[in-house]
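Below is data13.txt, holding compact mmCIF, C-alpha atoms (C1' of nucleotides).
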# COMPACT_ATOMS: atom_id res chain seq x y z
CA MET A 215 -9.89 5.12 -3.81
CA ALA A 216 -6.76 3.78 -2.23
CA ARG A 217 -5.40 0.29 -2.06
CA ALA A 218 -7.39 -2.33 -0.19
CA SER A 219 -6.78 -2.04 3.50
CA THR A 220 -3.63 -3.70 4.70
CA THR A 221 -5.46 -4.97 7.73
CA SER A 222 -7.96 -7.01 5.78
CA ASP A 223 -5.73 -9.03 3.54
CA VAL A 224 -2.76 -11.29 4.19
CA PHE A 225 -1.20 -10.33 0.87
CA ASN A 226 -1.07 -6.71 1.91
CA ALA A 227 0.08 -7.56 5.40
CA VAL A 228 3.17 -9.37 4.15
CA ALA A 229 3.82 -6.86 1.39
CA GLU A 230 5.65 -4.75 3.96
CA PRO A 231 9.32 -5.75 4.28
CA ARG A 232 9.48 -5.09 8.02
CA ARG A 233 6.49 -7.29 8.58
CA ARG A 234 8.09 -10.05 6.58
CA GLU A 235 11.11 -9.66 8.84
CA ILE A 236 8.88 -10.15 11.83
CA VAL A 237 7.34 -13.23 10.27
CA ASP A 238 10.79 -14.57 9.46
CA PHE A 239 11.97 -13.95 12.99
CA LEU A 240 9.04 -15.92 14.38
CA ALA A 241 9.45 -18.66 11.78
CA SER A 242 11.55 -20.72 14.17
CA GLY A 243 8.38 -21.40 16.07
CA ASP A 244 9.68 -19.71 19.19
CA GLU A 245 7.80 -17.00 20.94
CA HIS A 246 9.33 -13.56 21.30
CA ASP A 247 8.24 -10.48 23.15
CA VAL A 248 8.07 -7.03 21.65
CA THR A 249 11.36 -5.91 23.11
CA GLU A 250 13.16 -8.77 21.42
CA LEU A 251 11.54 -7.81 18.15
CA VAL A 252 12.51 -4.18 18.64
CA LEU A 253 16.11 -5.20 19.17
CA HIS A 254 16.05 -7.51 16.20
CA LEU A 255 14.46 -5.05 13.80
CA GLY A 256 16.15 -1.88 15.00
CA LEU A 257 12.90 0.04 14.76
CA PRO A 258 11.30 2.21 17.42
CA GLN A 259 8.97 0.31 19.68
CA PRO A 260 5.76 1.99 18.52
CA ALA A 261 6.53 1.12 14.92
CA VAL A 262 7.03 -2.51 15.86
CA SER A 263 3.83 -2.57 17.86
CA LYS A 264 1.97 -1.17 14.93
CA HIS A 265 3.33 -3.75 12.55
CA LEU A 266 2.44 -6.42 15.05
CA GLY A 267 -1.04 -4.96 15.19
CA VAL A 268 -1.44 -5.41 11.45
CA LEU A 269 -0.16 -8.96 11.55
CA ARG A 270 -2.42 -9.69 14.51
CA LYS A 271 -5.50 -8.41 12.74
CA VAL A 272 -5.01 -10.70 9.78
CA GLY A 273 -4.16 -13.52 12.16
CA VAL A 274 -0.62 -14.14 10.98
CA VAL A 275 0.68 -13.74 14.52
CA VAL A 276 -0.93 -14.47 17.85
CA ALA A 277 -0.08 -12.77 21.12
CA THR A 278 0.02 -14.33 24.53
CA LYS A 279 -0.09 -12.21 27.62
CA ALA A 280 2.74 -12.91 30.04
CA GLY A 281 2.76 -10.35 32.79
CA GLN A 282 3.57 -7.01 31.33
CA ARG A 283 4.99 -8.64 28.25
CA ARG A 284 3.30 -9.97 25.13
CA LEU A 285 4.71 -13.12 23.66
CA TYR A 286 4.18 -13.30 19.95
CA ARG A 287 4.21 -16.45 17.91
CA LEU A 288 3.55 -17.21 14.28
CA ASN A 289 0.19 -18.55 13.18
CA PRO A 290 1.33 -19.98 9.87
CA GLN A 291 -2.11 -21.18 8.77
CA GLU A 292 -2.95 -17.65 7.77
CA LEU A 293 -0.07 -17.57 5.32
CA LYS A 294 -1.51 -20.44 3.36
CA PRO A 295 -3.55 -18.31 0.93
CA VAL A 296 -0.34 -16.70 -0.26
CA HIS A 297 1.29 -20.08 -0.66
CA ASP A 298 -1.71 -21.48 -2.52
CA TRP A 299 -1.78 -18.59 -4.92
CA ILE A 300 1.88 -18.48 -5.76
CA GLN A 301 2.07 -22.24 -6.09
CA HIS A 302 0.03 -21.99 -9.28
CA PHE A 303 3.14 -20.60 -10.89
CA GLU A 304 5.61 -23.09 -9.55
CA ARG A 305 5.50 -25.10 -12.77
CA PHE A 306 7.00 -22.16 -14.60
CA TRP A 307 10.35 -22.53 -12.95
CA THR A 308 10.37 -26.22 -12.11
CA ASP A 309 8.89 -27.90 -15.15
CA GLN A 310 11.39 -27.44 -17.92
CA LEU A 311 9.09 -28.86 -20.57
CA SER A 312 6.31 -26.41 -19.99
CA SER A 313 8.75 -23.52 -20.24
CA ILE A 314 9.87 -24.71 -23.62
CA LYS A 315 6.31 -25.22 -24.73
CA GLN A 316 5.42 -21.73 -23.68
CA ALA A 317 8.33 -20.24 -25.52
CA ALA A 318 7.24 -22.05 -28.65
CA GLU A 319 3.63 -20.94 -28.39
CA ARG A 320 4.76 -17.45 -27.70
CA LYS A 321 6.95 -17.41 -30.74
CA ALA A 322 4.14 -18.69 -32.93
CA LYS A 323 1.92 -15.91 -31.74
CA GLN A 324 4.42 -13.18 -32.13
CA ARG A 325 4.43 -13.43 -35.91
CA ALA A 326 4.76 -9.84 -37.00
CA ALA A 327 4.99 -8.49 -33.47
CA GLN A 328 7.90 -6.31 -32.48
CA ALA A 329 9.28 -6.52 -29.00
CA VAL A 330 9.00 -3.51 -26.77
CA THR A 331 12.60 -2.98 -25.86
CA ALA A 332 12.54 -2.48 -22.12
CA PRO A 333 9.81 -2.84 -19.49
CA ASP A 334 10.33 0.71 -18.29
CA LYS A 335 10.96 2.34 -21.60
CA GLN A 336 8.10 4.77 -21.69
CA ILE A 337 6.52 6.46 -24.63
CA HIS A 338 7.38 10.09 -24.32
CA PHE A 339 5.00 12.88 -25.04
CA LYS A 340 6.12 15.83 -27.03
CA GLU A 341 4.35 18.17 -24.67
CA LYS A 342 3.36 17.82 -21.06
CA ARG A 343 0.03 19.02 -19.86
CA HIS A 344 0.10 21.72 -17.26
CA ASP A 345 -3.34 23.22 -17.74
CA ARG A 346 -6.82 22.14 -16.64
CA MET B 822 6.46 8.35 5.27
CA ALA B 823 4.13 6.26 3.23
CA ARG B 824 4.18 2.65 2.30
CA ALA B 825 7.02 1.28 0.20
CA SER B 826 6.33 1.92 -3.42
CA THR B 827 4.24 -0.64 -5.15
CA THR B 828 6.39 -0.28 -8.22
CA SER B 829 9.62 -1.30 -6.57
CA ASP B 830 8.67 -4.59 -5.02
CA VAL B 831 7.01 -7.71 -6.39
CA PHE B 832 5.35 -8.34 -3.05
CA ASN B 833 3.63 -4.99 -3.21
CA ALA B 834 2.80 -5.40 -6.86
CA VAL B 835 0.86 -8.59 -6.28
CA ALA B 836 -0.70 -7.37 -3.06
CA GLU B 837 -3.38 -5.74 -5.19
CA PRO B 838 -6.27 -8.11 -5.97
CA ARG B 839 -6.84 -6.74 -9.48
CA ARG B 840 -3.21 -7.22 -10.33
CA ARG B 841 -3.37 -10.79 -9.10
CA GLU B 842 -6.35 -11.22 -11.40
CA ILE B 843 -4.26 -10.00 -14.28
CA VAL B 844 -1.47 -12.38 -13.36
CA ASP B 845 -3.96 -15.23 -13.10
CA PHE B 846 -5.43 -14.37 -16.46
CA LEU B 847 -2.01 -14.52 -18.05
CA ALA B 848 -1.07 -17.69 -16.21
CA SER B 849 -2.17 -19.84 -19.12
CA GLY B 850 0.91 -18.63 -20.91
CA ASP B 851 -1.12 -16.99 -23.64
CA GLU B 852 -0.66 -13.41 -24.61
CA HIS B 853 -3.54 -10.98 -24.29
CA ASP B 854 -3.96 -7.41 -25.35
CA VAL B 855 -5.24 -4.65 -23.10
CA THR B 856 -8.75 -4.76 -24.51
CA GLU B 857 -9.06 -8.42 -23.59
CA LEU B 858 -7.90 -7.64 -20.09
CA VAL B 859 -10.36 -4.77 -19.83
CA LEU B 860 -13.19 -7.10 -20.80
CA HIS B 861 -12.00 -9.75 -18.40
CA LEU B 862 -11.54 -7.47 -15.43
CA GLY B 863 -14.51 -5.19 -15.99
CA LEU B 864 -12.40 -2.16 -15.10
CA PRO B 865 -12.02 1.02 -17.13
CA GLN B 866 -9.18 0.88 -19.59
CA PRO B 867 -7.00 3.50 -17.86
CA ALA B 868 -7.19 1.55 -14.61
CA VAL B 869 -6.08 -1.62 -16.37
CA SER B 870 -3.25 0.19 -18.12
CA LYS B 871 -2.08 1.52 -14.79
CA HIS B 872 -2.09 -1.89 -13.18
CA LEU B 873 -0.21 -3.22 -16.17
CA GLY B 874 2.26 -0.42 -15.74
CA VAL B 875 2.96 -1.51 -12.19
CA LEU B 876 3.36 -5.13 -13.17
CA ARG B 877 5.59 -4.10 -16.06
CA LYS B 878 7.86 -2.05 -13.84
CA VAL B 879 8.53 -4.94 -11.53
CA GLY B 880 8.90 -7.21 -14.53
CA VAL B 881 6.04 -9.56 -13.76
CA VAL B 882 4.57 -8.95 -17.18
CA VAL B 883 6.20 -8.13 -20.47
CA ALA B 884 4.59 -6.26 -23.32
CA THR B 885 5.07 -6.88 -26.99
CA LYS B 886 4.14 -4.29 -29.52
CA ALA B 887 1.82 -5.56 -32.23
CA GLY B 888 0.60 -2.70 -34.32
CA GLN B 889 -1.52 -0.47 -32.23
CA ARG B 890 -2.00 -3.21 -29.68
CA ARG B 891 0.20 -4.34 -26.82
CA LEU B 892 0.33 -8.05 -26.19
CA TYR B 893 1.02 -8.85 -22.59
CA ARG B 894 2.43 -12.06 -21.31
CA LEU B 895 3.50 -13.28 -17.93
CA ASN B 896 7.14 -13.25 -16.95
CA PRO B 897 6.89 -15.77 -14.13
CA GLN B 898 10.54 -15.56 -13.13
CA GLU B 899 9.81 -12.36 -11.30
CA LEU B 900 7.29 -14.11 -9.10
CA LYS B 901 9.90 -16.45 -7.77
CA PRO B 902 10.95 -14.29 -4.80
CA VAL B 903 7.42 -14.53 -3.47
CA HIS B 904 7.44 -18.26 -3.94
CA ASP B 905 10.82 -18.62 -2.30
CA TRP B 906 9.78 -16.61 0.69
CA ILE B 907 6.47 -18.29 1.35
CA GLN B 908 7.94 -21.72 0.79
CA HIS B 909 9.85 -21.35 4.05
CA PHE B 910 6.56 -21.84 5.79
CA GLU B 911 5.33 -24.78 3.79
CA ARG B 912 6.44 -27.22 6.46
CA PHE B 913 3.95 -25.71 8.85
CA TRP B 914 1.01 -27.08 6.99
CA THR B 915 2.51 -30.14 5.35
CA ASP B 916 4.75 -31.65 8.01
CA GLN B 917 2.46 -32.89 10.71
CA LEU B 918 5.28 -33.79 13.08
CA SER B 919 6.78 -30.34 13.19
CA SER B 920 3.38 -28.89 14.02
CA ILE B 921 3.08 -31.16 16.99
CA LYS B 922 6.59 -30.35 18.09
CA GLN B 923 5.88 -26.68 17.90
CA ALA B 924 2.74 -27.02 19.91
CA ALA B 925 4.68 -28.83 22.59
CA GLU B 926 7.46 -26.28 22.72
CA ARG B 927 4.92 -23.55 22.82
CA LYS B 928 3.12 -25.15 25.71
CA ALA B 929 6.34 -25.53 27.66
CA LYS B 930 7.08 -21.88 27.22
CA GLN B 931 3.66 -20.66 28.11
CA ARG B 932 4.00 -21.74 31.74
CA ALA B 933 2.22 -18.98 33.61
CA ALA B 934 1.21 -17.13 30.45
CA GLN B 935 -2.41 -16.31 29.88
CA ALA B 936 -3.77 -16.38 26.38
CA VAL B 937 -4.97 -13.17 24.87
CA THR B 938 -8.45 -14.16 23.85
CA ALA B 939 -8.75 -12.86 20.30
CA PRO B 940 -6.33 -11.33 17.85
CA ASP B 941 -8.46 -8.27 17.48
CA LYS B 942 -9.55 -7.92 21.07
CA GLN B 943 -7.98 -4.63 21.88
CA ILE B 944 -7.09 -3.21 25.21
CA HIS B 945 -9.46 -0.37 25.75
CA PHE B 946 -8.51 2.88 27.29
CA LYS B 947 -10.73 4.41 29.91
CA GLU B 948 -10.44 7.77 28.22
CA LYS B 949 -9.71 8.74 24.70
CA ARG B 950 -7.33 11.56 23.97
CA HIS B 951 -8.80 14.49 22.19
CA ASP B 952 -6.43 17.21 23.36
CA ARG B 953 -2.83 17.94 22.55
C1' DT C 374 2.70 3.62 47.22
C1' DT C 375 5.93 5.27 43.91
C1' DG C 376 8.77 4.66 40.21
C1' DA C 377 10.29 1.79 36.42
C1' DT C 378 9.33 -1.08 32.55
C1' DA C 379 6.71 -3.15 28.58
C1' DT C 380 3.45 -2.44 25.24
C1' DA C 381 -0.33 -0.23 22.71
C1' DT C 382 -2.60 3.74 21.05
C1' DT C 383 -3.37 8.44 19.44
C1' DC C 384 -2.23 12.23 16.66
C1' DT C 385 0.35 14.41 12.96
C1' DA C 386 2.57 14.96 8.65
C1' DA C 387 4.35 13.34 4.33
C1' DT C 388 3.58 10.45 0.76
C1' DA C 389 1.46 6.68 -2.01
C1' DT C 390 -2.53 4.64 -3.85
C1' DG C 391 -6.44 3.54 -7.07
C1' DG C 392 -10.26 5.03 -9.59
C1' DG C 393 -12.26 8.58 -12.65
C1' DT C 394 -11.98 11.74 -16.41
C1' DA C 395 -9.71 13.89 -20.04
C1' DT C 396 -6.45 13.61 -23.39
C1' DA C 397 -1.98 12.47 -25.88
C1' DT C 398 0.22 9.23 -29.03
C1' DA C 399 0.41 5.68 -32.41
C1' DT C 400 -1.63 3.00 -35.69
C1' DT C 401 -5.18 1.47 -38.65
C1' DT C 402 -9.00 2.24 -41.72
C1' DA C 403 -12.03 4.86 -44.74
C1' DT D 1360 -5.89 13.13 -45.14
C1' DA D 1361 -9.36 12.43 -41.75
C1' DA D 1362 -11.82 9.45 -38.62
C1' DA D 1363 -11.54 5.55 -35.65
C1' DT D 1364 -9.26 2.53 -32.56
C1' DA D 1365 -5.91 0.94 -28.96
C1' DT D 1366 -3.21 2.19 -25.29
C1' DA D 1367 -0.74 5.13 -22.03
C1' DT D 1368 -0.39 9.14 -19.33
C1' DA D 1369 -1.64 13.30 -16.61
C1' DC D 1370 -4.37 15.27 -13.25
C1' DC D 1371 -7.64 15.24 -9.37
C1' DC D 1372 -9.53 13.36 -5.24
C1' DA D 1373 -10.56 10.60 -1.33
C1' DT D 1374 -8.35 7.43 1.37
C1' DA D 1375 -4.62 4.58 3.27
C1' DT D 1376 -0.13 4.15 4.81
C1' DT D 1377 4.15 4.70 7.62
C1' DA D 1378 7.22 6.82 10.75
C1' DG D 1379 7.65 9.71 14.70
C1' DA D 1380 6.47 11.82 19.03
C1' DA D 1381 3.75 11.83 22.97
C1' DT D 1382 1.24 9.42 26.11
C1' DA D 1383 -1.98 5.92 28.14
C1' DT D 1384 -2.30 1.43 30.36
C1' DA D 1385 -0.75 -2.52 32.82
C1' DT D 1386 2.38 -4.75 35.49
C1' DC D 1387 6.51 -5.20 38.11
C1' DA D 1388 9.97 -3.72 41.54
C1' DA D 1389 11.66 -0.99 45.36
Written form, structure tokens:
Amino acid sequence: MARASTTSDVFNAVAEPRRREIVDFLASGDEHDVTELVLHLGLPQPAVSKHLGVLRKVGVVVATKAGQRRLYRLNPQELKPVHDWIQHFERFWTDQLSSIKQAAERKAKQRAAQAVTAPDKQIHFKEKRHDR
Amino acid sequence: MARASTTSDVFNAVAEPRRREIVDFLASGDEHDVTELVLHLGLPQPAVSKHLGVLRKVGVVVATKAGQRRLYRLNPQELKPVHDWIQHFERFWTDQLSSIKQAAERKAKQRAAQAVTAPDKQIHFKEKRHDR
DNA sequence: TTGATATATTCTAATATGGGTATATATTTA
DNA sequence: TAAATATATACCCATATTAGAATATATCAA
């Protein structure tokens, strides 16, 4: 199975850098049409329309019809779940005390534990499997 | 081209609900080994190890070797970019005044614009393409 | 009406993804 | 030393994703 659909989840919708750019561009509160977004992003128009489609489906942006143009504006409410989730962790980089506490607890637990040197240092196999 | 790699970007890493569960589970600051995470998540062990691998690569979790076990703990620093980004939009749901201002500006701009009824109300084609 | 413009959609291809299963490695225990 | 245990990795598969090209639709302008 693949990752949860990008169109059903705000987290996935804003996981795409270009879509975050779109959100940032609309963060002023102003409306912009697709052409303006195309110029700003430097992407082909269909790509921009598709990204807008994703953001529209999760409700992060709202389109207004204005003649042959579509004016897009941010609908920030839909970003709130992301904010609420990440806020849980705010204390880790604001509250100095809790950081120190954590370090202490961690140390106590580590007892005989050895640190794994690097996050990406992998355990190498002596042989690779090519069969099956 | 496919989506940006999940292993190169914190936003993508936490876009996956199971990985957010892992992060939440480690949010207490305590260390947990893989078996504990397997029990907590109710996923097969290889799936959990793979999710941990993704989180490790972006640095959101750090593993400590303890005998044959790996103790995982949160490395919250790496979540900060997500926090910093989403915080830009905090004003939208905390500052009442700015919301009103935005609504007013929006209204002024809308002039002759007609609202597109629903975000997912698509424009339907009279014919679908099957050729080419 | 005809052509131009703005936007959305379809199709295709290349790649990434997550779960499942099997298995490799490392460590502990008998 | 041989099992057992804990964890990571490889492989497969079904699906999702993105960019790109072509084109459909709607509206505007001449």
Exercise for the section: Using only C-alpha atoms (C1' of nucleotides), find which residues of chain D lie within 6 Å of chain A and jot them down as an NGL selection string. Expected result: :D and (1374-1375 or 1386)
As lines of an AutoDock Vina configuration file, please: the centre and edge lengths in Å, to one decimal, of an axis-aligned box enclosing every listed atom of region 287-295 of chain A with 3 Å added on each side.
center_x = 0.3
center_y = -18.8
center_z = 9.4
size_x = 13.8
size_y = 10.7
size_z = 23.0
Where does chain C meet chain B within 8 Å, residue by residue, with the nearest atom pair and distance in Å to one decimal for each, counting only C-alpha atoms (C1' of nucleotides), listed by chain and rising number, as a tab-separated table?
residue	atom	partner	partner_atom	distance
C:DA381	C1'	B:Ile944	CA	7.8
C:DT383	C1'	B:Arg950	CA	6.8
C:DA387	C1'	B:Met822	CA	5.5
C:DT388	C1'	B:Ala823	CA	4.9
C:DA389	C1'	B:Ala823	CA	5.9
C:DG391	C1'	B:Ala868	CA	7.8
C:DG392	C1'	B:Ala868	CA	6.8
C:DA399	C1'	B:Gln889	CA	6.4
C:DT400	C1'	B:Gln889	CA	4.9
C:DT401	C1'	B:Gln889	CA	7.6
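Closest approach to Lys279 (chain A) among A:Val228, A:Asp223, A:Asp247, A:Asp238: A:Asp247, based on all atoms listed in the file.
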Practice task
Find the residues near Val275 (chain A): any atom within 9 Å, counting all atoms listed in the file, skip ones fewer than 4 places away on the same chain, and give them as a list in words.
Solution key: Val237, Leu240, Leu266, Gly267, Leu269, Arg270, Lys271, Tyr286, Arg287, Leu288, Asn289, Pro290 and Glu292 of chain A; Pro940 of chain B
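The two atoms in question, CA of Phe225 (chain A) and C1' of DG393 (chain C), are spaced 25.7 Å apart.
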Exercise for the section: Select, counting all atoms listed in the file, all protein, DNA and RNA residues no farther than 10 Å from (9.2, 0.4, 32.1) in file coordinates, and express the selection as an NGL selection string. Expected result: (:A and (282)) or (:C and (376-380)) or (:D and (1386-1387))
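Distance check against chain A using only C-alpha atoms: of B:Phe910, B:Leu862, B:Thr915, B:Arg840, the minimum falls on B:Phe910.
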